[in-house]
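K.L.:
One structure, as structure tokens, below. Some questions next.
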Amino acid sequence: MDTVMLVLQPGVLFFMLLGTFLGLFIGALPGLTATMGVAVLTPLTFWLAPQEGLAMLIAIYCTAIFASGIPAILVNTPGTPASVTTTFDGYPLTQQGKQGVALGINALYSGLGGLVSTAFLIFAAFPISKVALLFGPAEYFALAVFGLTIMVSVSSGSIIKGLISGGIGLFIVTIGLDPIRNIPRFTYDYPPLLEGLSFIPIMIGLFGLAEVFSQMLSKQTTKTGTTEKVGRILPNKAERKEVRKPFWMSSILSTFIGVIPGAGGDIASIISWNQAKNMAKGEKKAEYGKGSLGGLTASCTSNSAVIGGAFTTMMTLGLPGDAVTAILIGSLMMYGLDPGPALFTENIEMVHLIFALLIISNLLVIVVGLLGSNLFTRIIQIRQEFIHLAVVLFCIVGAYALNNSYFDVWVMVIAGFFGLLFKKLRFPLGPLILALILGPLAEANFRRAIMISGGSMDIFFTSPIAIALFVIAGLSVLIPMFRRNPKNNAPSA
């Protein structure tokens, strides 16, 4: 009952609706992503009560993920990498004059997929958190290592580039005071560096400013939307029957993929779309990539179904399931909340609140998505110049607002240039993000474990949980290497 009253507070409802509409614009405008939106707008929530800030950020996350499918369907331009597979069948349906049904499927099954994964979160979170309560410094260090290796193993492109990216992130978190002995490291007698580099300005630069720089340097122009009426939106009985199996398969599969730290919606959508195609038969299978309702449903469902899985990992273990939950971990810490098992023992009311916010946000996705279909064709026609100006202003304000510090603004700008460089060199940002989150956790717990054991490394190999996590971490690195190098045993010429 307390949670219900908390959610029904006017402030919480207002900021949830505000987040919904902000997420709608962020997702529907090609080039703006859920990660960018949450990163840029997070600092603006620090003046709010935790429940109001979380309501806004969760609504932005859920709505932007759904809305990223809108430009993919209407103009063949995915709003986020996770919506690439939405273009496979969404845009062909638009070319066939079925954009209304495609938008309806995107809204309906995105919301339902999010609800299925939220149900998993509600049922799985407490058992997982009870297991996590058994963790000590050795287990937390092993968990951090596991998270880092998982992110590296799913990096796009070269694993070497992923390792370099992660190494840069680990170096960044060493700047400042030593967490155990309080000795300055890499500060060069410059006082602002004593507190280290703040996570939020770096995230804003990497995802917000870098994206604007990249789009400004690119000579590509955004396609404009159609002015035609969208027509029928809700799928009929025969269409609902056709998409039923792809929906349930994608919901369940993507939820579990979301639990894997760093996997994210782009991986889930590709796997789900391929699996749905393999399940299809005859003429329906031939439609995949040419306007399949089942393929579109699998893609749209997977993007949102990942969210519940990612939240499960974030809330119970303190590991980010994807880039957005990595930022949300920073937000929770700013609100004085500690993601991980302590959240379930010290802030149970906030756990229930997050459950409720996810449910309401996914219901809003369905309502707004179905009622606003005719508006979407107008949103995606906003000129890029206005979008870039707005994003840059939000980046500057957001970075400064964190500590009222111009130093943080410069950190954000420098991170923006590094983000652009990473994009041009095709270095993945995923390992760097996870290193920023897990680096301090790994270092502090490693050193605590060594102190507890009197300098012996045996502490890491006498805990069954730590051993299991180390084994899984090793497999998460080795398996992708063997998959990408099928001839790895062949002698080099």
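Naming works like this for the structure tokens: A, B, ... for the chains as they're shown, residue 1 at the start of each chain, ligands 1 onward in shown order.
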Residues at most 12 Å from A:Ala342, counting only C-alpha atoms, excluding those fewer than 2 positions away in the same chain, as a PyMOL selection string?
P.N.:
chain A and resi 126+129-135+315-318+336-340+344-348+350-351
K.L.:
I'd like the neighbourhood of A:Val365 as an MDAnalysis selection string, where a residue qualifies if any of its atoms comes within 12 Å (using only C-alpha atoms), though same-chain residues fewer than 6 positions away should be ignored.
P.N.:
chainID A and resid 16:17 19:21 23:24 27 58:67 103:115 304 358:359 371:373
K.L.:
Give me, please, the distance in Å between atom CA of A:Gly369 and atom CA of A:Ser272, quoted to one decimal.
P.N.:
22.0 Å
K.L.:
Based on the backbone DSSP call, show me all residues of stretch 62-212 of chain A assigned strand (DSSP E), as a list of chain:residue names.
P.N.:
A:Gly176, A:Leu177, A:Pro184, A:Arg185
K.L.:
In terms of the shortest atom-to-atom distance over only C-alpha atoms, which of A:Ala142, A:Ile233, A:Arg448, A:Gly53 is closest to A:Gln99?
P.N.:
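Counting only C-alpha atoms, the residue closest to A:Gln99 is A:Ile233.
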